[in-house]
>>> print(open('work_11.csv').read())   # CSV, C-alpha atoms
chain,number,residue,atom,x,y,z
A,1,MET,CA,5.0,160.4,142.7
A,2,ASN,CA,4.7,157.4,145.0
A,3,THR,CA,7.5,157.6,147.6
A,4,SER,CA,7.9,153.8,147.7
A,5,ASN,CA,8.8,153.9,144.0
A,6,THR,CA,11.9,155.9,144.8
A,7,ASN,CA,13.1,153.2,147.2
A,8,ILE,CA,13.0,150.4,144.7
A,9,LEU,CA,16.8,150.3,144.7
A,10,SER,CA,18.7,149.6,148.0
A,11,ALA,CA,21.5,151.9,149.1
A,12,LEU,CA,24.0,149.3,147.8
A,13,GLU,CA,22.2,149.1,144.4
A,14,LEU,CA,22.1,152.8,144.1
A,15,ASP,CA,25.8,152.9,144.9
A,16,ALA,CA,26.5,150.2,142.3
A,17,LEU,CA,24.4,152.2,139.7
A,18,THR,CA,26.5,155.3,140.6
A,19,GLU,CA,29.7,153.4,140.0
A,20,LEU,CA,28.4,152.1,136.6
A,21,VAL,CA,27.5,155.7,135.7
A,22,ASN,CA,30.9,156.8,136.9
A,23,LEU,CA,32.7,154.3,134.7
A,24,GLY,CA,30.4,155.0,131.7
A,25,VAL,CA,30.8,158.7,131.9
A,26,GLY,CA,34.5,158.3,132.5
A,27,ARG,CA,34.7,156.6,129.1
A,28,ALA,CA,32.5,159.3,127.6
A,29,ALA,CA,35.0,161.9,129.0
A,30,VAL,CA,37.9,160.1,127.4
A,31,ASN,CA,36.1,160.2,124.1
A,32,LEU,CA,35.3,163.9,124.5
A,33,ARG,CA,38.9,164.6,125.6
A,34,GLU,CA,40.1,162.8,122.4
A,35,MET,CA,37.8,164.9,120.3
A,36,VAL,CA,38.6,168.4,121.7
A,37,GLY,CA,42.2,167.8,122.7
A,38,GLU,CA,41.6,169.4,126.1
A,39,GLN,CA,41.0,168.1,129.6
A,40,VAL,CA,37.3,167.4,130.4
A,41,HIS,CA,36.3,167.7,134.0
A,42,LEU,CA,33.5,165.7,135.5
A,43,SER,CA,31.5,166.2,138.6
A,44,VAL,CA,30.6,163.4,141.0
A,45,PRO,CA,27.4,161.9,139.4
A,46,LEU,CA,24.1,162.6,141.1
A,47,VAL,CA,21.9,159.5,140.8
A,48,LYS,CA,18.4,160.0,141.9
A,49,LEU,CA,15.1,158.3,141.3
A,50,ILE,CA,12.6,161.2,140.8
A,51,GLY,CA,9.6,162.1,138.8
A,52,ARG,CA,9.8,163.5,135.3
A,53,MET,CA,8.5,166.9,136.3
A,54,GLU,CA,10.8,167.1,139.3
A,55,ALA,CA,13.7,166.3,137.0
A,56,ALA,CA,12.5,168.9,134.5
A,57,ALA,CA,12.2,171.5,137.3
A,58,LEU,CA,15.6,170.7,138.5
A,59,LEU,CA,17.1,171.3,135.1
A,60,ASP,CA,15.0,174.4,134.3
A,61,GLN,CA,16.0,175.9,137.7
A,62,ARG,CA,19.6,175.5,137.0
A,63,GLU,CA,19.8,176.3,133.3
A,64,GLY,CA,16.7,178.1,132.1
A,65,SER,CA,14.8,177.4,129.0
A,66,LYS,CA,17.1,177.5,126.0
A,67,LEU,CA,18.7,174.1,126.0
A,68,VAL,CA,19.9,171.7,123.3
A,69,ALA,CA,19.9,168.0,123.7
A,70,VAL,CA,21.3,165.0,121.8
A,71,HIS,CA,18.8,162.2,122.4
A,72,GLN,CA,19.1,158.5,121.9
A,73,ILE,CA,16.8,155.6,122.8
A,74,PHE,CA,18.3,152.4,124.2
A,75,GLU,CA,16.4,149.1,124.1
A,76,GLY,CA,17.1,145.8,125.6
A,77,GLU,CA,16.4,144.3,129.1
A,78,ILE,CA,16.3,147.9,130.2
A,79,THR,CA,14.8,150.5,127.9
A,80,GLY,CA,14.8,154.2,128.1
A,81,ARG,CA,16.3,157.5,126.8
A,82,VAL,CA,19.7,159.0,127.4
A,83,LEU,CA,20.3,162.7,126.7
A,84,LEU,CA,23.3,165.0,126.5
A,85,ILE,CA,22.1,168.4,127.5
A,86,PHE,CA,23.7,171.8,127.4
A,87,PRO,CA,22.8,175.4,127.0
A,88,GLU,CA,22.0,176.3,123.4
A,89,VAL,CA,24.3,179.3,123.5
A,90,LYS,CA,27.2,176.8,123.9
A,91,SER,CA,26.3,174.7,121.0
A,92,LEU,CA,28.5,176.4,118.4
A,93,GLU,CA,31.4,176.5,120.8
A,94,LEU,CA,31.1,172.8,121.3
A,95,VAL,CA,31.1,172.3,117.5
A,96,ARG,CA,34.1,174.6,117.3
A,97,ALA,CA,35.9,172.6,119.9
A,98,VAL,CA,35.3,169.2,118.2
A,99,THR,CA,36.2,170.5,114.7
A,100,GLY,CA,39.6,171.7,116.0
A,101,GLY,CA,39.4,175.3,115.0
A,102,GLU,CA,40.1,174.6,111.4
A,103,LEU,CA,36.7,175.7,110.0
A,104,SER,CA,35.2,179.1,109.3
A,105,LEU,CA,32.2,180.3,111.3
A,106,GLU,CA,30.0,179.7,108.2
A,107,GLU,CA,31.3,176.1,108.0
A,108,ILE,CA,30.7,175.6,111.7
A,109,ILE,CA,27.1,176.8,111.4
A,110,GLU,CA,26.5,174.5,108.4
A,111,LEU,CA,27.9,171.6,110.3
A,112,GLU,CA,26.2,172.4,113.7
A,113,GLN,CA,23.3,169.9,113.6
A,114,GLU,CA,25.3,166.9,112.4
A,115,ALA,CA,28.4,167.7,114.5
A,116,LEU,CA,26.2,167.9,117.6
A,117,ALA,CA,24.6,164.6,116.7
A,118,GLU,CA,28.0,162.9,116.1
A,119,THR,CA,29.5,164.4,119.3
A,120,GLY,CA,26.5,163.3,121.3
A,121,ASN,CA,26.6,159.9,119.7
A,122,ILE,CA,30.2,159.4,120.7
A,123,ILE,CA,29.7,160.6,124.3
A,124,LEU,CA,26.4,158.8,124.9
A,125,ASN,CA,27.5,155.5,123.3
A,126,GLY,CA,30.7,155.6,125.3
A,127,CYS,CA,28.6,155.9,128.5
A,128,MET,CA,25.9,153.4,127.6
A,129,ALA,CA,28.2,150.8,126.0
A,130,THR,CA,30.3,150.7,129.2
A,131,ILE,CA,27.3,150.2,131.3
A,132,ALA,CA,25.9,147.5,129.0
A,133,ASN,CA,29.2,145.7,129.1
A,134,LEU,CA,29.5,145.8,132.9
A,135,LEU,CA,25.9,144.6,133.2
A,136,GLU,CA,26.7,141.9,130.6
A,137,ARG,CA,23.7,142.7,128.5
A,138,SER,CA,23.4,144.3,125.1
A,139,LEU,CA,21.5,147.5,124.4
A,140,LYS,CA,20.4,148.6,121.0
A,141,MET,CA,21.0,152.3,120.5
A,142,SER,CA,19.0,154.5,118.2
A,143,MET,CA,20.4,157.1,115.9
A,144,PRO,CA,21.0,160.4,117.7
A,145,GLU,CA,18.4,163.1,117.4
A,146,ILE,CA,18.8,166.8,118.2
A,147,LEU,CA,16.2,168.5,120.4
A,148,ARG,CA,15.8,172.1,121.4
A,149,GLY,CA,13.7,173.3,124.3
A,150,ASN,CA,13.7,173.1,128.1
A,151,GLY,CA,13.7,170.3,130.7
A,152,SER,CA,9.9,169.8,130.4
A,153,ASP,CA,10.2,169.4,126.7
A,154,PHE,CA,13.0,166.8,127.0
A,155,PHE,CA,11.5,164.8,129.8
A,156,THR,CA,8.0,164.5,128.4
A,157,LEU,CA,8.8,163.2,125.0
A,158,PRO,CA,6.1,161.0,123.4
A,159,PRO,CA,5.2,158.3,123.8
A,160,PRO,CA,4.5,158.6,127.6
A,161,PRO,CA,5.9,155.8,129.7
A,162,ALA,CA,3.8,152.7,129.6
A,163,ALA,CA,3.8,152.2,133.3
A,164,GLY,CA,4.7,154.4,136.2
A,165,ASP,CA,6.1,157.9,136.0
A,166,VAL,CA,9.3,157.4,138.1
A,167,VAL,CA,12.5,157.9,136.3
A,168,VAL,CA,16.1,157.3,137.1
A,169,PHE,CA,17.6,160.7,136.8
A,170,LEU,CA,21.3,160.4,136.3
A,171,HIS,CA,22.9,163.8,136.2
A,172,ILE,CA,26.5,164.6,135.8
A,173,ASP,CA,28.2,167.8,134.9
A,174,PHE,CA,31.0,167.8,132.3
A,175,SER,CA,33.0,170.8,131.5
A,176,ILE,CA,35.8,171.9,129.2
A,177,LYS,CA,37.1,174.8,131.3
A,178,GLN,CA,39.2,176.5,128.6
A,179,ARG,CA,36.1,176.8,126.5
A,180,ASP,CA,33.5,177.5,129.2
A,181,ILE,CA,31.4,174.5,128.0
A,182,ALA,CA,29.4,172.5,130.5
A,183,GLY,CA,26.5,170.1,130.3
A,184,TYR,CA,24.6,167.2,131.6
A,185,ILE,CA,24.1,163.5,130.8
A,186,VAL,CA,20.7,162.4,131.9
A,187,MET,CA,19.1,158.9,131.6
A,188,LEU,CA,15.3,158.4,131.8
A,189,MET,CA,13.7,155.0,132.4
A,190,ASP,CA,10.2,154.0,133.4
A,191,MET,CA,9.1,151.6,136.1
A,192,PRO,CA,9.4,148.2,134.3
A,193,SER,CA,12.9,149.1,133.2
A,194,ILE,CA,13.8,150.2,136.7
A,195,ALA,CA,12.5,146.8,138.0
A,196,ALA,CA,14.7,145.1,135.4
A,197,LEU,CA,17.6,147.3,136.3
A,198,HIS,CA,17.2,146.3,139.9
A,199,GLY,CA,17.8,142.6,138.9
A,200,LEU,CA,20.8,143.5,136.8
A,201,LEU,CA,22.3,145.5,139.5
A,202,GLU,CA,21.9,142.6,141.9
A,203,GLU,CA,23.7,140.3,139.4
A,204,PHE,CA,26.4,143.0,139.0
A,205,ILE,CA,26.9,143.3,142.7
A,206,ALA,CA,27.1,139.5,143.1
A,207,ARG,CA,29.8,139.3,140.3
A,208,THR,CA,31.7,142.2,141.7
A,209,THR,CA,31.7,141.1,145.3
A,210,GLY,CA,31.8,137.3,144.7
A,211,SER,CA,28.6,136.8,146.7
A,212,ALA,CA,25.7,134.8,145.4
A,213,ALA,CA,22.8,136.8,143.9
A,214,PRO,CA,19.7,136.6,146.0
A,215,PRO,CA,16.8,134.6,144.6
A,216,SER,CA,14.7,136.7,142.2
A,217,ASP,CA,11.6,136.6,144.4
A,218,ALA,CA,13.5,138.4,147.1
A,219,ARG,CA,14.2,141.4,144.8
A,220,HIS,CA,11.0,143.4,145.5
B,1,MET,CA,52.7,152.2,96.9
B,2,SER,CA,49.5,154.2,97.1
B,3,TYR,CA,46.2,152.6,98.1
B,4,ARG,CA,42.6,153.6,97.8
B,5,VAL,CA,40.7,153.9,101.1
B,6,LEU,CA,36.9,154.1,101.3
B,7,ILE,CA,35.5,156.0,104.4
B,8,VAL,CA,31.8,155.3,105.0
B,9,ASP,CA,30.0,157.4,107.6
B,10,ASP,CA,26.7,159.3,107.5
B,11,SER,CA,28.4,162.0,109.6
B,12,LYS,CA,30.5,164.5,107.7
B,13,LEU,CA,32.4,165.3,110.9
B,14,ALA,CA,33.2,161.7,111.5
B,15,ARG,CA,34.5,161.3,107.9
B,16,MET,CA,36.6,164.5,108.3
B,17,ALA,CA,38.1,163.0,111.5
B,18,VAL,CA,39.1,159.7,109.9
B,19,ALA,CA,40.3,161.5,106.8
B,20,LYS,CA,42.5,163.8,108.9
B,21,VAL,CA,44.2,160.9,110.7
B,22,LEU,CA,44.6,159.0,107.4
B,23,ARG,CA,46.1,162.0,105.7
B,24,THR,CA,48.7,162.3,108.5
B,25,LEU,CA,49.6,158.6,108.3
B,26,HIS,CA,49.5,158.1,104.5
B,27,PRO,CA,49.4,161.5,102.7
B,28,ASP,CA,49.8,159.8,99.3
B,29,TRP,CA,46.9,157.5,99.6
B,30,THR,CA,43.6,158.3,97.9
B,31,GLN,CA,40.5,158.8,100.1
B,32,ILE,CA,37.0,158.2,98.8
B,33,GLU,CA,34.0,159.0,100.9
B,34,ALA,CA,30.5,157.5,101.1
B,35,VAL,CA,27.6,158.5,103.3
B,36,ASN,CA,25.7,155.2,103.5
B,37,ALA,CA,25.8,151.5,102.6
B,38,ASP,CA,24.4,151.9,99.1
B,39,GLU,CA,27.0,154.5,98.2
B,40,ALA,CA,29.7,152.4,99.7
B,41,LEU,CA,28.8,149.3,97.6
B,42,ALA,CA,28.6,151.4,94.5
B,43,SER,CA,32.0,152.8,95.2
B,44,VAL,CA,33.6,149.4,95.9
B,45,LYS,CA,32.2,148.3,92.5
B,46,THR,CA,33.6,151.2,90.5
B,47,ASP,CA,36.5,152.7,92.4
B,48,GLU,CA,38.8,149.8,93.0
B,49,ILE,CA,38.9,150.2,96.7
B,50,ASP,CA,41.7,148.5,98.6
B,51,ILE,CA,40.6,149.2,102.2
B,52,THR,CA,37.3,150.2,103.8
B,53,ILE,CA,36.7,152.0,107.1
B,54,LEU,CA,33.0,152.2,108.0
B,55,ASP,CA,30.8,153.4,110.7
B,56,PHE,CA,28.5,151.0,112.6
B,57,ASN,CA,25.6,153.3,113.4
B,58,MET,CA,24.2,154.5,110.1
B,59,PRO,CA,20.6,155.0,108.8
B,60,GLY,CA,19.4,152.1,106.7
B,61,ARG,CA,21.8,149.2,106.7
B,62,ASP,CA,24.2,149.4,109.6
B,63,GLY,CA,28.0,148.9,109.5
B,64,LEU,CA,27.8,145.2,110.3
B,65,GLU,CA,25.4,144.5,107.5
B,66,LEU,CA,27.6,146.5,105.1
B,67,ALA,CA,30.7,144.7,106.3
B,68,ALA,CA,29.0,141.3,105.6
B,69,GLU,CA,28.1,142.4,102.1
B,70,LEU,CA,31.6,143.6,101.5
B,71,ARG,CA,33.0,140.3,102.7
B,72,GLU,CA,30.8,138.5,100.1
B,73,ARG,CA,31.9,140.8,97.3
B,74,LYS,CA,35.5,141.3,98.1
B,75,PRO,CA,36.6,138.7,100.7
B,76,ALA,CA,40.2,139.7,100.8
B,77,MET,CA,39.6,143.5,101.4
B,78,PRO,CA,40.6,144.7,104.8
B,79,VAL,CA,37.6,146.3,106.6
B,80,ALA,CA,37.4,148.2,109.9
B,81,ILE,CA,34.2,149.0,111.7
B,82,ILE,CA,34.4,152.2,113.8
B,83,SER,CA,31.9,153.0,116.5
B,84,ALA,CA,31.6,154.6,119.9
B,85,ASN,CA,29.3,151.8,120.7
B,86,TYR,CA,31.9,149.3,121.8
B,87,GLN,CA,29.5,146.8,123.4
B,88,THR,CA,31.0,143.3,123.5
B,89,GLU,CA,28.3,142.0,121.2
B,90,ILE,CA,29.1,144.5,118.5
B,91,VAL,CA,32.9,144.0,118.8
B,92,THR,CA,32.4,140.2,118.6
B,93,ARG,CA,30.0,140.5,115.6
B,94,SER,CA,32.5,142.8,113.8
B,95,HIS,CA,35.2,140.2,114.2
B,96,LEU,CA,32.9,137.4,113.1
B,97,THR,CA,32.4,139.3,109.8
B,98,GLY,CA,36.2,139.4,109.4
B,99,ALA,CA,36.3,143.1,110.2
B,100,ALA,CA,38.5,144.9,112.7
B,101,PHE,CA,36.8,147.0,115.3
B,102,LEU,CA,38.1,150.5,116.2
B,103,SER,CA,36.6,152.7,118.9
B,104,LYS,CA,35.3,156.2,118.1
B,105,PRO,CA,36.8,158.8,118.2
B,106,VAL,CA,39.4,157.0,116.2
B,107,THR,CA,43.0,157.6,117.3
B,108,GLN,CA,46.1,157.8,115.1
B,109,GLU,CA,47.6,154.8,117.0
B,110,ALA,CA,44.6,152.6,116.5
B,111,LEU,CA,44.2,153.5,112.8
B,112,ALA,CA,47.9,153.0,112.2
B,113,ARG,CA,47.8,149.5,113.8
B,114,PHE,CA,44.8,148.5,111.6
B,115,LEU,CA,46.4,149.9,108.4
B,116,ALA,CA,49.7,148.2,109.2
B,117,GLU,CA,47.9,144.8,109.4
B,118,ALA,CA,45.9,145.7,106.3
B,119,LEU,CA,49.1,146.4,104.4
B,120,VAL,CA,50.5,143.0,105.4
B,121,ARG,CA,47.4,141.3,104.0
B,122,LEU,CA,47.4,143.4,100.8
B,123,LYS,CA,51.0,142.8,100.1
B,124,ALA,CA,50.6,139.0,100.8
B,125,GLN,CA,47.9,139.1,98.1
B,126,GLY,CA,50.2,140.9,95.8
B,127,SER,CA,48.1,144.1,95.7
>>> encode(input="work_11.csv", output="structure tokens")
Amino acid sequence: MNTSNTNILSALELDALTELVNLGVGRAAVNLREMVGEQVHLSVPLVKLIGRMEAAALLDQREGSKLVAVHQIFEGEITGRVLLIFPEVKSLELVRAVTGGELSLEEIIELEQEALAETGNIILNGCMATIANLLERSLKMSMPEILRGNGSDFFTLPPPPAAGDVVVFLHIDFSIKQRDIAGYIVMLMDMPSIAALHGLLEEFIARTTGSAAPPSDARH
Amino acid sequence: MSYRVLIVDDSKLARMAVAKVLRTLHPDWTQIEAVNADEALASVKTDEIDITILDFNMPGRDGLELAAELRERKPAMPVAIISANYQTEIVTRSHLTGAAFLSKPVTQEALARFLAEALVRLKAQGS
């Protein structure tokens, strides 16, 4: 990975992105809290611009190979993928949590795929809609899709990025302590989207601080 | 008076969640479920639906398209679109179709508010 790519966002822009993610994930946590009826704990988000393989290695190192992900594509001025990832062994427990303990194990197993998709949909949309609203742009969200595998599988989904292999890796832990469930929200974008994000963050910072956005030719 | 409420969502879990809240608020009302826009339109035609609560993000026609079609067929029927995707554009477009917008996961308070307003409208129409 080209080191200069990782510096495309200034410290202030990275800080603004972290704040957007914080607000987005905060909303997602409220949604999850509403679904499971228990407090959801969030870590301070880690926002890094790293390569796909580095992101995969980071995840594999922490969690091993048997993971499940709810995956959605977002499209608009910025385009990319957002994933809710957690260990596969926790999948039934998460479904049990959101169905409120009223279902039998057989019913939970039958509902697993679509309950994971709906739970992921609510969490990921909560996060992305907040970010889109704060950036004052609209993002089209795809239907949720369930994936099983490891970090490499999730971060090398076809088609490969059209340009550049740098991704924004947003990583936040969420946990429902009473149920020993924890997971990650990860966002992947390629270089053109990161360049577009750069401009949107400048606008966001200007709106937030009341300062004028710099001319677009000064962005790079 | 008992009313007939149509719940449209491709997710069984989401339909269960709305049905549970609805049961708590109005145990005597009849609930009818549909998994997509086609089923919903067929149900509206045959089941004498009074109120429709529908998901935005569905395969095929989405909730906004369905809400617009419902508006054409039954202009006076209260409709709510529910979605976790509460982007300003979607909320605005929901309101432009004449539908209320409720965030997912739907809360008892939000659904109660929508249903109270729906009842006022239905009673004003003499339903």
>>> interface_residues(input="work_11.csv", of="chain B", to="chain A", cutoff="8 Å", atoms="only C-alpha atoms", output="list in words")
Ser11, Lys12, Leu13, Ala14, Asn57, Met58, Pro59, Ser83, Ala84, Asn85, Tyr86, Gln87, Thr88, Glu89, Lys104, Pro105 and Thr107 of chain B
>>> atom_distance(input="work_11.csv", atom1="atom CA of Leu66 of chain B", atom2="atom CA of Ala100 of chain B")
13.4 Å
>>> atom_distance(input="work_11.csv", atom1="atom CA of Ile185 of chain A", atom2="atom CA of Leu83 of chain A")
5.6 Å
>>> atom_distance(input="work_11.csv", atom1="atom CA of Val40 of chain A", atom2="atom CA of Ile176 of chain A")
4.9 Å
>>> residues_around(input="work_11.csv", residues="Gly149 of chain A", least_positions_apart="4", cutoff="8 Å", atoms="only C-alpha atoms", output="list in words")
Ser65, Lys66, Leu67, Val68, Asp153 and Phe154 of chain A
>>> decode(input="work_11.csv", residues="segment 62-80 of chain B", atoms="N, CA and C atoms", output="compact mmCIF listing (two decimals), in the first residue's frame")
# COMPACT_ATOMS: atom_id res chain seq x y z
N ASP B 62 -40.03 -1.18 -3.48
CA ASP B 62 -39.75 -0.82 -2.10
C ASP B 62 -40.99 -0.19 -1.46
N GLY B 63 -40.84 0.16 -0.18
CA GLY B 63 -41.98 0.67 0.59
C GLY B 63 -42.54 1.97 0.05
N LEU B 64 -41.68 2.82 -0.50
CA LEU B 64 -42.16 4.09 -1.03
C LEU B 64 -43.03 3.87 -2.27
N GLU B 65 -42.60 2.95 -3.11
CA GLU B 65 -43.39 2.65 -4.31
C GLU B 65 -44.74 2.04 -3.91
N LEU B 66 -44.67 1.12 -2.93
CA LEU B 66 -45.91 0.50 -2.47
C LEU B 66 -46.83 1.55 -1.85
N ALA B 67 -46.27 2.45 -1.05
CA ALA B 67 -47.10 3.49 -0.41
C ALA B 67 -47.79 4.35 -1.47
N ALA B 68 -47.06 4.66 -2.54
CA ALA B 68 -47.65 5.48 -3.61
C ALA B 68 -48.80 4.73 -4.29
N GLU B 69 -48.62 3.43 -4.51
CA GLU B 69 -49.70 2.63 -5.13
C GLU B 69 -50.91 2.53 -4.21
N LEU B 70 -50.64 2.37 -2.92
CA LEU B 70 -51.75 2.30 -1.96
C LEU B 70 -52.50 3.62 -1.92
N ARG B 71 -51.75 4.70 -2.03
CA ARG B 71 -52.37 6.04 -2.00
C ARG B 71 -53.33 6.20 -3.18
N GLU B 72 -52.93 5.65 -4.34
CA GLU B 72 -53.80 5.73 -5.53
C GLU B 72 -55.07 4.91 -5.34
N ARG B 73 -54.90 3.71 -4.76
CA ARG B 73 -56.04 2.80 -4.64
C ARG B 73 -56.95 3.13 -3.47
N LYS B 74 -56.32 3.51 -2.33
CA LYS B 74 -57.12 3.83 -1.14
C LYS B 74 -56.57 5.11 -0.52
N PRO B 75 -56.93 6.26 -1.09
CA PRO B 75 -56.32 7.52 -0.67
C PRO B 75 -56.53 7.85 0.81
N ALA B 76 -57.61 7.35 1.39
CA ALA B 76 -57.91 7.74 2.77
C ALA B 76 -57.27 6.81 3.81
N MET B 77 -56.67 5.71 3.35
CA MET B 77 -56.14 4.73 4.31
C MET B 77 -54.84 5.24 4.97
N PRO B 78 -54.79 5.29 6.30
CA PRO B 78 -53.53 5.66 6.96
C PRO B 78 -52.43 4.63 6.67
N VAL B 79 -51.26 5.13 6.29
CA VAL B 79 -50.12 4.27 5.96
C VAL B 79 -48.89 4.76 6.73
N ALA B 80 -48.14 3.83 7.28
CA ALA B 80 -46.86 4.18 7.90
C ALA B 80 -45.75 3.38 7.23
